[in-house]
file start36.pdb (PDB, C-alpha atoms)
ATOM      1  CA  MET A   1     -13.288  -3.548 -36.953  1.00  0.00           C
ATOM      2  CA  MET A   2     -10.731  -5.674 -38.799  1.00  0.00           C
ATOM      3  CA  THR A   3     -10.942  -3.269 -41.751  1.00  0.00           C
ATOM      4  CA  GLY A   4     -10.109  -0.387 -39.432  1.00  0.00           C
ATOM      5  CA  LEU A   5      -7.178  -2.323 -37.988  1.00  0.00           C
ATOM      6  CA  LEU A   6      -5.922  -3.043 -41.503  1.00  0.00           C
ATOM      7  CA  PHE A   7      -6.081   0.685 -42.303  1.00  0.00           C
ATOM      8  CA  VAL A   8      -4.126   1.608 -39.164  1.00  0.00           C
ATOM      9  CA  LEU A   9      -1.465  -1.063 -39.661  1.00  0.00           C
ATOM     10  CA  SER A  10      -0.996  -0.239 -43.326  1.00  0.00           C
ATOM     11  CA  GLY A  11      -0.127   3.326 -42.394  1.00  0.00           C
ATOM     12  CA  CYS A  12      -2.019   4.722 -45.390  1.00  0.00           C
ATOM     13  CA  THR A  13       0.669   5.122 -48.099  1.00  0.00           C
ATOM     14  CA  GLU A  14       4.087   4.488 -46.533  1.00  0.00           C
ATOM     15  CA  VAL A  15       3.565   0.747 -46.271  1.00  0.00           C
ATOM     16  CA  ASN A  16       4.705   0.377 -49.899  1.00  0.00           C
ATOM     17  CA  GLN A  17       7.960   2.286 -49.305  1.00  0.00           C
ATOM     18  CA  ASP A  18      11.040   0.434 -48.053  1.00  0.00           C
ATOM     19  CA  ILE A  19      12.402   1.730 -44.769  1.00  0.00           C
ATOM     20  CA  THR A  20      15.991   3.025 -45.002  1.00  0.00           C
ATOM     21  CA  SER A  21      18.318   5.370 -43.137  1.00  0.00           C
ATOM     22  CA  GLU A  22      17.075   8.107 -45.473  1.00  0.00           C
ATOM     23  CA  SER A  23      13.409   7.667 -44.540  1.00  0.00           C
ATOM     24  CA  THR A  24      12.115  10.856 -42.950  1.00  0.00           C
ATOM     25  CA  GLY A  25       9.544  11.632 -40.304  1.00  0.00           C
ATOM     26  CA  ILE A  26       9.384  10.932 -36.564  1.00  0.00           C
ATOM     27  CA  TRP A  27       7.550   7.632 -37.084  1.00  0.00           C
ATOM     28  CA  ASN A  28      10.147   6.295 -39.526  1.00  0.00           C
ATOM     29  CA  GLU A  29      13.251   7.660 -37.806  1.00  0.00           C
ATOM     30  CA  PHE A  30      12.441   6.778 -34.199  1.00  0.00           C
ATOM     31  CA  PHE A  31      10.185   3.724 -34.476  1.00  0.00           C
ATOM     32  CA  VAL A  32      10.220   1.745 -37.722  1.00  0.00           C
ATOM     33  CA  TYR A  33      13.862   2.129 -38.789  1.00  0.00           C
ATOM     34  CA  PRO A  34      15.398   1.365 -35.338  1.00  0.00           C
ATOM     35  CA  LEU A  35      13.156  -1.700 -34.982  1.00  0.00           C
ATOM     36  CA  SER A  36      14.069  -2.856 -38.489  1.00  0.00           C
ATOM     37  CA  GLN A  37      17.777  -2.464 -37.693  1.00  0.00           C
ATOM     38  CA  LEU A  38      17.394  -4.276 -34.373  1.00  0.00           C
ATOM     39  CA  ILE A  39      15.770  -7.266 -36.086  1.00  0.00           C
ATOM     40  CA  LYS A  40      18.506  -7.285 -38.737  1.00  0.00           C
ATOM     41  CA  TYR A  41      21.215  -7.055 -36.059  1.00  0.00           C
ATOM     42  CA  PHE A  42      20.022 -10.127 -34.166  1.00  0.00           C
ATOM     43  CA  ALA A  43      19.383 -11.972 -37.428  1.00  0.00           C
ATOM     44  CA  GLU A  44      23.075 -11.603 -38.282  1.00  0.00           C
ATOM     45  CA  LEU A  45      23.983 -13.059 -34.871  1.00  0.00           C
ATOM     46  CA  PHE A  46      21.780 -16.095 -35.573  1.00  0.00           C
ATOM     47  CA  GLY A  47      23.085 -16.819 -39.057  1.00  0.00           C
ATOM     48  CA  GLU A  48      20.547 -14.730 -40.971  1.00  0.00           C
ATOM     49  CA  SER A  49      17.579 -16.238 -39.121  1.00  0.00           C
ATOM     50  CA  TYR A  50      15.054 -13.427 -39.035  1.00  0.00           C
ATOM     51  CA  GLY A  51      12.499 -15.655 -37.358  1.00  0.00           C
ATOM     52  CA  LEU A  52      14.738 -16.237 -34.342  1.00  0.00           C
ATOM     53  CA  SER A  53      15.571 -12.540 -34.357  1.00  0.00           C
ATOM     54  CA  ILE A  54      11.881 -11.597 -34.130  1.00  0.00           C
ATOM     55  CA  ILE A  55      11.498 -13.977 -31.170  1.00  0.00           C
ATOM     56  CA  VAL A  56      14.461 -12.376 -29.365  1.00  0.00           C
ATOM     57  CA  VAL A  57      13.320  -8.816 -30.094  1.00  0.00           C
ATOM     58  CA  THR A  58       9.811  -9.683 -28.889  1.00  0.00           C
ATOM     59  CA  LEU A  59      11.219 -11.003 -25.610  1.00  0.00           C
ATOM     60  CA  ILE A  60      13.351  -7.862 -25.200  1.00  0.00           C
ATOM     61  CA  ILE A  61      10.293  -5.647 -25.703  1.00  0.00           C
ATOM     62  CA  ARG A  62       8.290  -7.714 -23.220  1.00  0.00           C
ATOM     63  CA  LEU A  63      11.071  -7.458 -20.640  1.00  0.00           C
ATOM     64  CA  ILE A  64      11.144  -3.677 -21.077  1.00  0.00           C
ATOM     65  CA  LEU A  65       7.367  -3.554 -20.582  1.00  0.00           C
ATOM     66  CA  LEU A  66       7.489  -5.955 -17.623  1.00  0.00           C
ATOM     67  CA  PRO A  67       7.228  -3.257 -14.891  1.00  0.00           C
ATOM     68  CA  LEU A  68       4.136  -1.809 -16.578  1.00  0.00           C
ATOM     69  CA  ASN A  69       2.618  -5.264 -16.956  1.00  0.00           C
ATOM     70  CA  VAL A  70       3.248  -6.068 -13.285  1.00  0.00           C
ATOM     71  CA  LYS A  71       1.511  -2.812 -12.403  1.00  0.00           C
ATOM     72  CA  GLN A  72      -1.376  -3.847 -14.643  1.00  0.00           C
ATOM     73  CA  LEU A  73      -1.613  -7.209 -12.856  1.00  0.00           C
ATOM     74  CA  LYS A  74      -1.703  -5.499  -9.454  1.00  0.00           C
ATOM     75  CA  SER A  75      -4.324  -3.035 -10.682  1.00  0.00           C
ATOM     76  CA  SER A  76      -6.428  -5.872 -12.094  1.00  0.00           C
ATOM     77  CA  LYS A  77      -6.200  -7.786  -8.814  1.00  0.00           C
ATOM     78  CA  ALA A  78      -7.123  -4.678  -6.798  1.00  0.00           C
ATOM     79  CA  MET A  79     -10.164  -4.085  -9.006  1.00  0.00           C
ATOM     80  CA  GLN A  80     -11.243  -7.696  -8.526  1.00  0.00           C
ATOM     81  CA  ASP A  81     -10.921  -7.358  -4.746  1.00  0.00           C
ATOM     82  CA  LEU A  82     -13.207  -4.313  -4.846  1.00  0.00           C
ATOM     83  CA  GLN A  83     -15.917  -6.032  -6.881  1.00  0.00           C
ATOM     84  CA  PRO A  84     -18.061  -7.038  -3.830  1.00  0.00           C
ATOM     85  CA  LYS A  85     -18.026  -3.471  -2.513  1.00  0.00           C
ATOM     86  CA  LEU A  86     -18.769  -2.074  -5.971  1.00  0.00           C
ATOM     87  CA  GLN A  87     -21.702  -4.467  -6.258  1.00  0.00           C
ATOM     88  CA  GLU A  88     -23.000  -3.241  -2.897  1.00  0.00           C
ATOM     89  CA  LEU A  89     -22.888   0.336  -4.169  1.00  0.00           C
ATOM     90  CA  ARG A  90     -24.748  -0.630  -7.351  1.00  0.00           C
ATOM     91  CA  GLU A  91     -27.476  -2.281  -5.292  1.00  0.00           C
ATOM     92  CA  LYS A  92     -27.623   0.665  -2.907  1.00  0.00           C
ATOM     93  CA  TYR A  93     -27.997   3.145  -5.762  1.00  0.00           C
ATOM     94  CA  SER A  94     -29.964   0.973  -8.160  1.00  0.00           C
ATOM     95  CA  SER A  95     -32.309   3.769  -9.210  1.00  0.00           C
ATOM     96  CA  LYS A  96     -31.593   5.091 -12.698  1.00  0.00           C
ATOM     97  CA  ASP A  97     -32.444   8.753 -12.050  1.00  0.00           C
ATOM     98  CA  GLN A  98     -29.660  11.262 -12.620  1.00  0.00           C
ATOM     99  CA  GLN A  99     -29.198  12.280  -8.987  1.00  0.00           C
ATOM    100  CA  THR A 100     -28.827   8.672  -7.809  1.00  0.00           C
ATOM    101  CA  GLN A 101     -26.393   7.837 -10.596  1.00  0.00           C
ATOM    102  CA  GLN A 102     -24.280  10.886  -9.732  1.00  0.00           C
ATOM    103  CA  LYS A 103     -24.182   9.731  -6.118  1.00  0.00           C
ATOM    104  CA  LEU A 104     -23.118   6.257  -7.305  1.00  0.00           C
ATOM    105  CA  GLN A 105     -20.264   7.752  -9.330  1.00  0.00           C
ATOM    106  CA  GLN A 106     -19.117   9.899  -6.402  1.00  0.00           C
ATOM    107  CA  GLU A 107     -19.036   7.024  -3.921  1.00  0.00           C
ATOM    108  CA  THR A 108     -17.382   4.759  -6.483  1.00  0.00           C
ATOM    109  CA  MET A 109     -14.579   7.288  -6.969  1.00  0.00           C
ATOM    110  CA  GLN A 110     -14.255   7.677  -3.196  1.00  0.00           C
ATOM    111  CA  LEU A 111     -13.926   3.910  -2.889  1.00  0.00           C
ATOM    112  CA  PHE A 112     -11.176   3.878  -5.534  1.00  0.00           C
ATOM    113  CA  GLN A 113      -9.332   6.713  -3.776  1.00  0.00           C
ATOM    114  CA  LYS A 114      -9.644   5.085  -0.367  1.00  0.00           C
ATOM    115  CA  HIS A 115      -8.018   1.886  -1.615  1.00  0.00           C
ATOM    116  CA  GLY A 116      -5.542   3.627  -3.942  1.00  0.00           C
ATOM    117  CA  VAL A 117      -6.982   2.027  -7.062  1.00  0.00           C
ATOM    118  CA  ASN A 118      -6.827   3.670 -10.488  1.00  0.00           C
ATOM    119  CA  PRO A 119      -9.385   1.969 -12.770  1.00  0.00           C
ATOM    120  CA  LEU A 120      -7.507   3.219 -15.842  1.00  0.00           C
ATOM    121  CA  ALA A 121      -4.061   1.994 -14.748  1.00  0.00           C
ATOM    122  CA  GLY A 122      -4.532  -1.366 -16.433  1.00  0.00           C
ATOM    123  CA  CYS A 123      -5.297   0.236 -19.793  1.00  0.00           C
ATOM    124  CA  PHE A 124      -1.919   1.881 -20.402  1.00  0.00           C
ATOM    125  CA  PRO A 125       0.096  -1.285 -21.203  1.00  0.00           C
ATOM    126  CA  ILE A 126      -2.651  -2.342 -23.621  1.00  0.00           C
ATOM    127  CA  LEU A 127      -2.634   1.054 -25.354  1.00  0.00           C
ATOM    128  CA  LEU A 128       1.163   0.928 -25.541  1.00  0.00           C
ATOM    129  CA  GLN A 129       0.940  -2.327 -27.495  1.00  0.00           C
ATOM    130  CA  MET A 130      -0.696  -0.652 -30.499  1.00  0.00           C
ATOM    131  CA  PRO A 131       2.217   1.561 -31.688  1.00  0.00           C
ATOM    132  CA  ILE A 132       4.621  -1.344 -31.090  1.00  0.00           C
ATOM    133  CA  LEU A 133       2.397  -3.626 -33.167  1.00  0.00           C
ATOM    134  CA  ILE A 134       2.170  -1.053 -35.963  1.00  0.00           C
ATOM    135  CA  ALA A 135       5.942  -0.482 -35.876  1.00  0.00           C
ATOM    136  CA  PHE A 136       6.502  -4.247 -36.107  1.00  0.00           C
ATOM    137  CA  TYR A 137       4.171  -4.451 -39.105  1.00  0.00           C
ATOM    138  CA  HIS A 138       6.001  -1.634 -40.899  1.00  0.00           C
ATOM    139  CA  ALA A 139       9.438  -3.063 -40.071  1.00  0.00           C
ATOM    140  CA  ILE A 140       8.396  -6.425 -41.537  1.00  0.00           C
ATOM    141  CA  VAL A 141       6.741  -5.294 -44.773  1.00  0.00           C
ATOM    142  CA  ARG A 142       9.114  -2.403 -45.438  1.00  0.00           C
ATOM    143  CA  THR A 143      12.372  -4.325 -44.907  1.00  0.00           C
ATOM    144  CA  GLU A 144      13.151  -6.567 -47.867  1.00  0.00           C
ATOM    145  CA  GLU A 145      15.380  -8.963 -45.917  1.00  0.00           C
ATOM    146  CA  ILE A 146      12.649  -9.625 -43.358  1.00  0.00           C
ATOM    147  CA  ARG A 147       9.611  -9.945 -45.611  1.00  0.00           C
ATOM    148  CA  GLN A 148      11.374 -12.324 -48.027  1.00  0.00           C
ATOM    149  CA  HIS A 149      12.837 -14.597 -45.351  1.00  0.00           C
ATOM    150  CA  SER A 150      11.401 -18.017 -44.506  1.00  0.00           C
ATOM    151  CA  PHE A 151      11.201 -19.446 -40.997  1.00  0.00           C
ATOM    152  CA  LEU A 152       9.972 -22.930 -40.122  1.00  0.00           C
ATOM    153  CA  TRP A 153       7.041 -23.591 -42.515  1.00  0.00           C
ATOM    154  CA  PHE A 154       6.101 -19.992 -43.404  1.00  0.00           C
ATOM    155  CA  GLU A 155       7.423 -16.861 -45.066  1.00  0.00           C
ATOM    156  CA  LEU A 156       7.672 -13.958 -42.646  1.00  0.00           C
ATOM    157  CA  GLY A 157       6.189 -11.462 -45.078  1.00  0.00           C
ATOM    158  CA  GLN A 158       3.203 -13.636 -46.027  1.00  0.00           C
ATOM    159  CA  SER A 159       0.302 -15.022 -44.027  1.00  0.00           C
ATOM    160  CA  ASP A 160       0.635 -18.562 -42.689  1.00  0.00           C
ATOM    161  CA  PRO A 161      -0.653 -20.842 -45.502  1.00  0.00           C
ATOM    162  CA  TYR A 162      -1.623 -23.619 -43.058  1.00  0.00           C
ATOM    163  CA  PHE A 163      -3.239 -21.323 -40.432  1.00  0.00           C
ATOM    164  CA  ILE A 164      -1.122 -22.945 -37.700  1.00  0.00           C
ATOM    165  CA  LEU A 165       0.127 -19.641 -36.266  1.00  0.00           C
ATOM    166  CA  PRO A 166      -3.358 -18.070 -36.235  1.00  0.00           C
ATOM    167  CA  ILE A 167      -4.701 -21.060 -34.294  1.00  0.00           C
ATOM    168  CA  ILE A 168      -1.808 -20.861 -31.796  1.00  0.00           C
ATOM    169  CA  ALA A 169      -2.255 -17.080 -31.526  1.00  0.00           C
ATOM    170  CA  ALA A 170      -5.964 -17.462 -30.776  1.00  0.00           C
ATOM    171  CA  SER A 171      -5.375 -20.311 -28.309  1.00  0.00           C
ATOM    172  CA  THR A 172      -2.640 -18.512 -26.372  1.00  0.00           C
ATOM    173  CA  THR A 173      -4.726 -15.322 -26.298  1.00  0.00           C
ATOM    174  CA  PHE A 174      -7.596 -17.307 -24.770  1.00  0.00           C
ATOM    175  CA  LEU A 175      -5.316 -18.939 -22.185  1.00  0.00           C
ATOM    176  CA  GLN A 176      -3.650 -15.660 -21.270  1.00  0.00           C
ATOM    177  CA  GLN A 177      -6.982 -13.901 -20.770  1.00  0.00           C
ATOM    178  CA  LYS A 178      -8.404 -16.821 -18.804  1.00  0.00           C
ATOM    179  CA  LEU A 179      -5.450 -16.672 -16.405  1.00  0.00           C
ATOM    180  CA  MET A 180      -5.717 -12.884 -16.116  1.00  0.00           C
ATOM    181  CA  MET A 181      -9.484 -12.742 -15.581  1.00  0.00           C
ATOM    182  CA  ALA A 182     -10.034 -15.986 -13.671  1.00  0.00           C
ATOM    183  CA  ASP A 183     -11.427 -14.301 -10.560  1.00  0.00           C
ATOM    184  CA  ALA A 184     -13.432 -11.587 -12.288  1.00  0.00           C
ATOM    185  CA  MET A 185     -15.398 -13.496 -14.922  1.00  0.00           C
ATOM    186  CA  ASN A 186     -18.097 -14.693 -12.547  1.00  0.00           C
ATOM    187  CA  ASP A 187     -18.809 -11.112 -11.450  1.00  0.00           C
ATOM    188  CA  ASN A 188     -18.509  -9.480 -14.865  1.00  0.00           C
ATOM    189  CA  PRO A 189     -20.381 -10.993 -17.838  1.00  0.00           C
ATOM    190  CA  GLN A 190     -18.762  -8.487 -20.223  1.00  0.00           C
ATOM    191  CA  MET A 191     -15.297  -9.748 -19.343  1.00  0.00           C
ATOM    192  CA  LYS A 192     -16.497 -13.309 -19.839  1.00  0.00           C
ATOM    193  CA  MET A 193     -17.737 -12.343 -23.303  1.00  0.00           C
ATOM    194  CA  MET A 194     -14.372 -10.757 -24.167  1.00  0.00           C
ATOM    195  CA  LEU A 195     -12.671 -14.004 -23.156  1.00  0.00           C
ATOM    196  CA  TYR A 196     -14.148 -15.569 -26.288  1.00  0.00           C
ATOM    197  CA  ILE A 197     -14.400 -12.567 -28.623  1.00  0.00           C
ATOM    198  CA  MET A 198     -10.775 -11.438 -28.329  1.00  0.00           C
ATOM    199  CA  PRO A 199      -9.163 -14.774 -29.348  1.00  0.00           C
ATOM    200  CA  ILE A 200     -11.441 -14.974 -32.391  1.00  0.00           C
ATOM    201  CA  MET A 201     -10.452 -11.446 -33.425  1.00  0.00           C
ATOM    202  CA  ILE A 202      -6.753 -12.236 -32.961  1.00  0.00           C
ATOM    203  CA  GLY A 203      -7.127 -15.451 -34.951  1.00  0.00           C
ATOM    204  CA  VAL A 204      -8.739 -13.632 -37.880  1.00  0.00           C
ATOM    205  CA  PHE A 205      -6.137 -10.898 -37.557  1.00  0.00           C
ATOM    206  CA  ALA A 206      -3.302 -13.477 -37.703  1.00  0.00           C
ATOM    207  CA  MET A 207      -4.810 -15.061 -40.832  1.00  0.00           C
ATOM    208  CA  THR A 208      -4.803 -11.709 -42.599  1.00  0.00           C
ATOM    209  CA  PHE A 209      -1.396 -10.203 -41.868  1.00  0.00           C
ATOM    210  CA  PRO A 210       2.220 -11.374 -42.296  1.00  0.00           C
ATOM    211  CA  ALA A 211       3.167 -14.494 -40.349  1.00  0.00           C
ATOM    212  CA  ALA A 212       5.990 -12.555 -38.659  1.00  0.00           C
ATOM    213  CA  LEU A 213       3.379 -10.422 -36.910  1.00  0.00           C
ATOM    214  CA  ALA A 214       1.528 -13.548 -35.752  1.00  0.00           C
ATOM    215  CA  LEU A 215       4.868 -14.912 -34.513  1.00  0.00           C
ATOM    216  CA  TYR A 216       5.386 -11.717 -32.512  1.00  0.00           C
ATOM    217  CA  TRP A 217       1.909 -12.103 -31.004  1.00  0.00           C
ATOM    218  CA  VAL A 218       2.373 -15.782 -30.108  1.00  0.00           C
ATOM    219  CA  VAL A 219       5.744 -15.195 -28.413  1.00  0.00           C
ATOM    220  CA  GLY A 220       4.312 -12.193 -26.571  1.00  0.00           C
ATOM    221  CA  ASN A 221       1.355 -14.280 -25.382  1.00  0.00           C
ATOM    222  CA  LEU A 222       3.607 -17.078 -24.127  1.00  0.00           C
ATOM    223  CA  PHE A 223       5.664 -14.501 -22.217  1.00  0.00           C
ATOM    224  CA  MET A 224       2.496 -13.032 -20.683  1.00  0.00           C
ATOM    225  CA  ILE A 225       1.240 -16.494 -19.713  1.00  0.00           C
ATOM    226  CA  ALA A 226       4.523 -17.242 -17.932  1.00  0.00           C
ATOM    227  CA  GLN A 227       4.444 -13.793 -16.328  1.00  0.00           C
ATOM    228  CA  THR A 228       0.917 -14.365 -15.047  1.00  0.00           C
ATOM    229  CA  ILE A 229       1.801 -17.783 -13.631  1.00  0.00           C
ATOM    230  CA  PHE A 230       5.013 -16.692 -11.907  1.00  0.00           C
ATOM    231  CA  ILE A 231       3.924 -13.232 -10.728  1.00  0.00           C
ATOM    232  CA  ARG A 232       0.141 -13.080 -10.333  1.00  0.00           C
ATOM    233  CA  LYS A 233      -0.397 -16.531  -8.848  1.00  0.00           C
ATOM    234  CA  PRO A 234       2.157 -16.051  -6.021  1.00  0.00           C
ATOM    235  CA  MET A 235       0.706 -12.574  -5.448  1.00  0.00           C
ATOM    236  CA  MET A 236      -2.741 -14.082  -4.946  1.00  0.00           C
ATOM    237  CA  ALA A 237      -1.395 -16.943  -2.816  1.00  0.00           C
ATOM    238  CA  ASN A 238       0.394 -14.511  -0.506  1.00  0.00           C
ATOM    239  CA  GLN A 239      -2.759 -12.441  -0.151  1.00  0.00           C
ATOM    240  CA  ASN A 240      -4.874 -15.496   0.617  1.00  0.00           C
ATOM    241  CA  THR A 241      -2.312 -16.696   3.175  1.00  0.00           C
ATOM    242  CA  GLY A 242      -2.254 -13.283   4.765  1.00  0.00           C
ATOM    243  CA  GLY A 243      -6.047 -13.190   4.878  1.00  0.00           C
ATOM    244  CA  ALA A 244      -6.184 -16.650   6.456  1.00  0.00           C
ATOM    245  CA  SER A 245      -3.627 -15.750   9.121  1.00  0.00           C
ATOM    246  CA  LYS A 246      -5.737 -12.810  10.165  1.00  0.00           C
TER     247      LYS A 246
END
call {"tool": "encode", "arguments": {"input": "start36.pdb", "output": "C-alpha cells"}}
result
Amino acid sequence: MMTGLLFVLSGCTEVNQDITSESTGIWNEFFVYPLSQLIKYFAELFGESYGLSIIVVTLIIRLILLPLNVKQLKSSKAMQDLQPKLQELREKYSSKDQQTQQKLQQETMQLFQKHGVNPLAGCFPILLQMPILIAFYHAIVRTEEIRQHSFLWFELGQSDPYFILPIIAASTTFLQQKLMMADAMNDNPQMKMMLYIMPIMIGVFAMTFPAALALYWVVGNLFMIAQTIFIRKPMMANQNTGGASK
C-alpha cells in the first residue's frame, strides 16, 4: 500500500521537473503552481520562513474545508445514533440467503432515508484530502526554494532525520481518530482496528516523504482535533441535554 501511495505522490515523471509559470497541464497550472506560489508568498511575509508559510497555508486550507468537515462530523454522529437500529435489522435478517440479504439492504436504505442520513457523506472530505496532499508533495519537491529550506531541526525537502515529526504525526492521527470514533468503536470492531492501523500507516508515510509533508499532516491533525473538541463535543452535549429534557 505504501508503494502505491509513493507512486501516486511521485506523479510518475513530473516529480523531477521544477514547477514554473511555464509548466503546462491542468494539474500544474491550477493545482501545483498556485500552491507553490501561495507558499512562497507567505514565506516572504515571514522573512523567508517556508516552514511557517506551510503552517499558515495548511490552516487556510483547513478553514476552507471546515464546512465539509462539520458536515462529516454530523454525518458520523448520525450514523452512530443509528447503530442500535442497524444492529436490530442485522439480527432480524441474520440469514445469509440472497433474498434475506436483499431485504436487509432495502430496509437499511429506508432507515437512512427516513432519518436523512447519507452513509457516503462522510467520505467526501477524506477523498478531497488526496489531491491536496499530492499537490502539496509536488509543490514541495518541485519548488527549489521550498525543498532546500530548513525549518526547526529538519530540511523541508528531506525526511525528518530524528523521526520526531513521524511520531507526532502518528500520535495526533491516533488522537484525532479516537475523538472522532469514540462512540462507535464499541459497536464496530473494524473501526477499532483502523484506530490503530491508520496511525501506523501515517507514521511510516511520514518517515518516507519530505518533512514538509509531515508538517502539513501534523498541523492538519491539530486543527481537526481542535475542531472535534469545539464542534462535535458541544453537538453531542446539546443532543444529550435535549434527550434528557424529553
call {"tool": "residues_near_point", "arguments": {"input": "start36.pdb", "point": "(1.5, -16.4, -40.6)", "cutoff": "6 Å", "atoms": "all atoms listed in the file", "output": "list in words"}}
result
Ser159, Asp160, Leu165, Pro210, Ala211 and Ala214 of chain A
call {"tool": "residues_near_point", "arguments": {"input": "start36.pdb", "point": "(10.2, -7.1, -44.2)", "cutoff": "10 Å", "atoms": "all atoms listed in the file", "output": "PyMOL selection string"}}
result
chain A and resi 18-19+36+39-40+50+136-149+156-158+210+212
call {"tool": "atom_distance", "arguments": {"input": "start36.pdb", "atom1": "atom CA of Thr24 of chain A", "atom2": "atom CA of Phe205 of chain A"}}
result
28.9 Å
call {"tool": "closest_residue", "arguments": {"input": "start36.pdb", "among": "A:Leu45, A:Val15, A:Ala169, A:Leu179", "to": "Ile200 of chain A", "atoms": "only C-alpha atoms"}}
result
A:Ala169
call {"tool": "closest_residue", "arguments": {"input": "start36.pdb", "among": "A:Glu44, A:Met201, A:Gly116, A:Ile55", "to": "Ala78 of chain A", "atoms": "only C-alpha atoms"}}
result
A:Gly116
call {"tool": "atom_distance", "arguments": {"input": "start36.pdb", "atom1": "atom CA of Ala135 of chain A", "atom2": "atom CA of Phe31 of chain A"}}
result
6.1 Å
call {"tool": "resolve_selection", "arguments": {"input": "start36.pdb", "expression": "the PyMOL selection byres ((chain A and resi 176) around 12)", "output": "MDAnalysis selection string"}}
result
chainID A and resid 168:175 177:182 195:196 198:199 217:229 232
call {"tool": "resolve_selection", "arguments": {"input": "start36.pdb", "expression": "the PyMOL selection byres ((chain A and resi 70) around 10)", "output": "NGL selection string"}}
result
:A and (65-69 or 71-76 or 122 or 125 or 227-228 or 231-232)
call {"tool": "write_last_selection", "arguments": {"input": "start36.pdb", "atoms": "C-alpha atoms", "output": "compact mmCIF listing (two decimals), in the coordinates of the input"}}
result
# COMPACT_ATOMS: atom_id res chain seq x y z
CA LEU A 65 7.37 -3.55 -20.58
CA LEU A 66 7.49 -5.96 -17.62
CA PRO A 67 7.23 -3.26 -14.89
CA LEU A 68 4.14 -1.81 -16.58
CA ASN A 69 2.62 -5.26 -16.96
CA LYS A 71 1.51 -2.81 -12.40
CA GLN A 72 -1.38 -3.85 -14.64
CA LEU A 73 -1.61 -7.21 -12.86
CA LYS A 74 -1.70 -5.50 -9.45
CA SER A 75 -4.32 -3.04 -10.68
CA SER A 76 -6.43 -5.87 -12.09
CA GLY A 122 -4.53 -1.37 -16.43
CA PRO A 125 0.10 -1.28 -21.20
CA GLN A 227 4.44 -13.79 -16.33
CA THR A 228 0.92 -14.36 -15.05
CA ILE A 231 3.92 -13.23 -10.73
CA ARG A 232 0.14 -13.08 -10.33
